[in-house]
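Q: Just passing along the structure, written as structure tokens.
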Amino acid sequence: MQLQGLKDKVAIVTGAAGGIGLACARRLLGEGARVVLADRDEARLQQACEALRKSAAARVLASRCDVGVEADVVATVELAIGTWERLDIVVNNAGLMLFKPIEQLTEDDWRRVLQVDLLGAFFFIRQAFLKMDRGGAIVNVSSVHALETSALVSAYAAAKAALLSLTRSAAIEAKPKGIRVNAILPGAVDTPMLWSNPNVKSGVERVRPDDVGTVDEIAAAIVFLASDDALFVHGAALRVDGGRLGAL
């Protein structure tokens with residue numbers, strides 16, 4: 001059974017060249033939406049786009065976009081609207097994670113993480129508020145690190161916590177505009193980001209097999225929040241972690 005209200009909608013998914021972003025784009029296309037894949041890795045982006053075009057040729061666009069550069073964000077939004085004359089959904093999925101002890105973090109490290117994980121989402125939210133019609137939806141991909149975290153990822157955890165706060169504020173301001181803003185908090189997901197985590201590789205952070213989700217499971221939650229089946233969901237922070245944080 002398909003989700004409601006997604007057919008022919010226009011969506012932008014950031015960080016869409018792989019992982020959760022690509023899975024989300026694939027799920028949106030499967031629901032009948034039109035999708036702009038945005039990513040700063042142009043080679044991987046084009047490869048992902050070509051793969052999706054095999055089943056949805058006329059409904060896929062690629063936009064080389066560094067979400068931390070506002071001009072790239074504006075250009076991506078203009079591409080979507082210029083091609084399909086509307087913008088209905090934004091999935092702020094692009095993320096950057098650094099692994100360093102606090103005493104080794106530099107100002108540049110903090111700026112790099114915040115530019116992508118927080119300001120990138122803000123830039124797209126701002127454009128959506130300016131260009132999106134009533135009935136639109138924004139889904140911000142935060143992390144369980146916004147609630148509970150581990151060593152070496154303080155900048156990432158702080159940025160993802162700030163993204164939750166931005167989600168709440170944006171949801172309040174978006175409601176009179178007829179736009180919904182929500183967030184999801186993925187837990188351990190089977191992606192290179194998880195397995196390259198030095199805390200996981202060293203065994204400091206233990207990950208049980210049944211605590212690891214798939215990108216498709218995360219995408220399903222994102223697309224639900226973007227759909228009309230979630231019309232009464234505003235400012236939510238949906239934890240999608242297989243119950244990992246709830247275990248004693």
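We name chains A, B, ... following the order of the structure tokens; residues begin at 1 in each chain, and ligands are numbered from 1 as shown.
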How close does each residue of segment 86-200 of chain A get to segment 217-234 of chain A, giving the shortest atom pair and distance in Å to one decimal for every residue with an atom at most 10 Å away, counting only C-alpha atoms, sorted by chain and residue number, as CSV?
A:
residue,atom,partner,partner_atom,distance
A:Asp88,CA,A:Ala226,CA,8.9
A:Ile89,CA,A:Ala226,CA,6.6
A:Val90,CA,A:Ala226,CA,8.4
A:Val91,CA,A:Ile222,CA,7.8
A:Asn93,CA,A:Ile222,CA,9.8
A:Gly135,CA,A:Asp228,CA,8.5
A:Gly136,CA,A:Ala226,CA,8.1
A:Ala137,CA,A:Ala226,CA,5.4
A:Ile138,CA,A:Ala226,CA,6.8
A:Val139,CA,A:Ile222,CA,6.6
A:Asn140,CA,A:Ile222,CA,8.6
A:Val141,CA,A:Ile222,CA,8.2
A:Thr167,CA,A:His234,CA,9.3
A:Arg168,CA,A:His234,CA,8.4
A:Ala170,CA,A:His234,CA,9.7
A:Ala171,CA,A:His234,CA,6.0
A:Ile172,CA,A:His234,CA,8.2
A:Ala174,CA,A:His234,CA,9.1
A:Lys175,CA,A:His234,CA,7.8
A:Ile179,CA,A:His234,CA,8.9
A:Arg180,CA,A:His234,CA,5.6
A:Val181,CA,A:His234,CA,5.9
A:Asn182,CA,A:His234,CA,5.9
A:Ala183,CA,A:Ile222,CA,8.3
A:Ile184,CA,A:Ile222,CA,7.0
A:Leu185,CA,A:Ile218,CA,9.1
A:Pro186,CA,A:Ile218,CA,6.8
A:Gly187,CA,A:Ile218,CA,9.2
A:Val189,CA,A:Ile218,CA,8.2
Q: Which neighbours of segment 66-82 of chain A fall inside 7 Å, counting only C-alpha atoms, when residues of the same chain fewer than 5 positions from it are skipped, and could you give them as a PyMOL selection string?
A: chain A and resi 36+39-40+87+115-116+119-120+123-124+127
Q: Which residues, written as a ChimeraX atom specification, have at least one atom at most 8 Å from segment 43-51 of chain A, with only C-alpha atoms counted and residues fewer than 4 positions away on the same chain left out?
A: /A:16-18,22,37-39,60-62,64
Q: For Ser143 of chain A, which of A:Lys9, A:Arg111, A:Arg239, A:Lys177 is the closest residue, counting only C-alpha atoms?
A: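 Using only C-alpha atoms, the shortest distance to Ser143 of chain A belongs to A:Arg239.
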Q: Would you pick out the contacts of Lys100 of chain A at 12 Å or less, using only C-alpha atoms, so that residues sharing its chain but fewer than 2 positions from it are not included, and give the list as an MDAnalysis selection string?
A: chainID A and resid 97:98 102:106 109:110 150:156 197:199
Q: Take the residues that were just selected and, keeping all heavy atoms, output them as a short mmCIF file (atom, residue, chain, number, x, y, z; two decimals), in the first residue's frame.
A:
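Below is the file out.cif, written as the result:
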data_model
loop_
_atom_site.label_atom_id
_atom_site.label_comp_id
_atom_site.auth_asym_id
_atom_site.auth_seq_id
_atom_site.Cartn_x
_atom_site.Cartn_y
_atom_site.Cartn_z
N MET A 97 31.01 13.95 9.77
CA MET A 97 31.37 13.49 11.11
C MET A 97 32.88 13.45 11.23
O MET A 97 33.56 12.84 10.40
CB MET A 97 30.77 12.10 11.34
CG MET A 97 30.73 11.63 12.77
SD MET A 97 29.82 10.05 12.88
CE MET A 97 29.54 9.94 14.65
N LEU A 98 33.43 14.13 12.23
CA LEU A 98 34.87 14.09 12.50
C LEU A 98 35.11 13.34 13.80
O LEU A 98 34.31 13.42 14.73
CB LEU A 98 35.42 15.51 12.64
CG LEU A 98 35.43 16.40 11.40
CD1 LEU A 98 36.05 17.75 11.74
CD2 LEU A 98 36.19 15.74 10.26
N ILE A 102 38.40 16.43 22.09
CA ILE A 102 38.07 17.85 22.16
C ILE A 102 39.31 18.72 22.12
O ILE A 102 39.35 19.75 21.44
CB ILE A 102 37.22 18.15 23.41
CG1 ILE A 102 35.80 17.60 23.20
CG2 ILE A 102 37.17 19.64 23.72
CD1 ILE A 102 34.89 17.72 24.40
N GLU A 103 40.36 18.31 22.83
CA GLU A 103 41.56 19.17 22.90
C GLU A 103 42.29 19.27 21.56
O GLU A 103 43.11 20.17 21.37
CB GLU A 103 42.52 18.69 23.99
CG GLU A 103 43.14 17.32 23.77
CD GLU A 103 42.32 16.19 24.35
OE1 GLU A 103 41.08 16.38 24.55
OE2 GLU A 103 42.89 15.12 24.61
N GLN A 104 41.96 18.39 20.62
CA GLN A 104 42.58 18.46 19.30
C GLN A 104 41.71 19.14 18.25
O GLN A 104 42.17 19.41 17.14
CB GLN A 104 42.95 17.05 18.82
CG GLN A 104 44.05 16.39 19.63
CD GLN A 104 44.40 15.01 19.12
OE1 GLN A 104 44.05 14.63 18.00
NE2 GLN A 104 45.09 14.22 19.95
N LEU A 105 40.46 19.40 18.58
CA LEU A 105 39.58 20.04 17.63
C LEU A 105 39.99 21.49 17.42
O LEU A 105 40.31 22.21 18.37
CB LEU A 105 38.13 19.99 18.12
CG LEU A 105 37.39 18.66 17.97
CD1 LEU A 105 36.08 18.71 18.74
CD2 LEU A 105 37.14 18.34 16.50
N THR A 106 39.95 21.93 16.17
CA THR A 106 40.28 23.31 15.83
C THR A 106 39.02 24.08 15.49
O THR A 106 37.94 23.50 15.28
CB THR A 106 41.23 23.35 14.63
OG1 THR A 106 40.53 22.85 13.48
CG2 THR A 106 42.47 22.51 14.88
N ASP A 109 37.77 22.80 12.28
CA ASP A 109 37.02 21.55 12.41
C ASP A 109 35.56 21.84 12.75
O ASP A 109 34.65 21.27 12.14
CB ASP A 109 37.62 20.67 13.50
CG ASP A 109 38.97 20.09 13.12
OD1 ASP A 109 39.22 19.90 11.91
OD2 ASP A 109 39.77 19.84 14.04
N TRP A 110 35.35 22.69 13.74
CA TRP A 110 33.98 23.03 14.16
C TRP A 110 33.22 23.69 13.03
O TRP A 110 32.04 23.37 12.78
CB TRP A 110 34.01 23.95 15.39
CG TRP A 110 34.14 23.19 16.68
CD1 TRP A 110 35.29 22.89 17.34
CD2 TRP A 110 33.07 22.63 17.42
NE1 TRP A 110 34.99 22.17 18.47
CE2 TRP A 110 33.65 22.00 18.55
CE3 TRP A 110 31.69 22.59 17.27
CZ2 TRP A 110 32.89 21.34 19.51
CZ3 TRP A 110 30.92 21.93 18.23
CH2 TRP A 110 31.52 21.31 19.33
N SER A 150 29.08 9.47 22.39
CA SER A 150 30.30 8.80 22.81
C SER A 150 31.47 9.75 22.61
O SER A 150 31.30 10.88 22.15
CB SER A 150 30.49 7.50 22.00
OG SER A 150 30.42 7.78 20.62
N ALA A 151 32.66 9.28 22.94
CA ALA A 151 33.85 10.11 22.81
C ALA A 151 34.17 10.39 21.35
O ALA A 151 33.76 9.67 20.44
CB ALA A 151 35.04 9.43 23.49
N LEU A 152 34.93 11.47 21.13
CA LEU A 152 35.56 11.81 19.85
C LEU A 152 34.62 12.43 18.81
O LEU A 152 35.06 12.75 17.71
CB LEU A 152 36.25 10.60 19.21
CG LEU A 152 37.28 9.85 20.08
CD1 LEU A 152 37.89 8.70 19.28
CD2 LEU A 152 38.35 10.77 20.61
N VAL A 153 33.34 12.61 19.13
CA VAL A 153 32.40 13.14 18.13
C VAL A 153 31.64 14.37 18.66
O VAL A 153 30.49 14.59 18.32
CB VAL A 153 31.40 12.06 17.66
CG1 VAL A 153 32.12 10.98 16.88
CG2 VAL A 153 30.62 11.46 18.82
N SER A 154 32.31 15.16 19.48
CA SER A 154 31.60 16.27 20.13
C SER A 154 31.02 17.28 19.14
O SER A 154 29.90 17.78 19.33
CB SER A 154 32.53 16.99 21.12
OG SER A 154 33.69 17.46 20.47
N ALA A 155 31.74 17.60 18.07
CA ALA A 155 31.24 18.57 17.11
C ALA A 155 30.01 18.03 16.39
O ALA A 155 29.01 18.74 16.21
CB ALA A 155 32.33 18.93 16.10
N TYR A 156 30.06 16.78 15.99
CA TYR A 156 28.93 16.14 15.31
C TYR A 156 27.72 16.08 16.23
O TYR A 156 26.60 16.43 15.83
CB TYR A 156 29.35 14.75 14.86
CG TYR A 156 28.26 13.92 14.21
CD1 TYR A 156 27.93 14.11 12.88
CD2 TYR A 156 27.60 12.92 14.93
CE1 TYR A 156 26.95 13.34 12.28
CE2 TYR A 156 26.62 12.15 14.33
CZ TYR A 156 26.29 12.36 13.01
OH TYR A 156 25.31 11.58 12.42
N ASN A 197 33.83 4.25 11.86
CA ASN A 197 33.89 4.93 13.16
C ASN A 197 35.00 4.29 14.00
O ASN A 197 34.95 3.10 14.31
CB ASN A 197 32.53 4.79 13.85
CG ASN A 197 32.46 5.52 15.17
OD1 ASN A 197 33.44 5.65 15.88
ND2 ASN A 197 31.27 5.99 15.50
N PRO A 198 36.03 5.06 14.39
CA PRO A 198 37.13 4.46 15.15
C PRO A 198 36.69 3.89 16.49
O PRO A 198 37.31 2.96 17.00
CB PRO A 198 38.12 5.62 15.34
CG PRO A 198 37.36 6.85 15.06
CD PRO A 198 36.28 6.48 14.10
N ASN A 199 35.62 4.44 17.08
CA ASN A 199 35.11 3.89 18.34
C ASN A 199 34.55 2.48 18.12
O ASN A 199 34.70 1.59 18.96
CB ASN A 199 34.02 4.79 18.91
CG ASN A 199 34.56 6.10 19.43
OD1 ASN A 199 35.76 6.23 19.67
ND2 ASN A 199 33.69 7.08 19.60
#
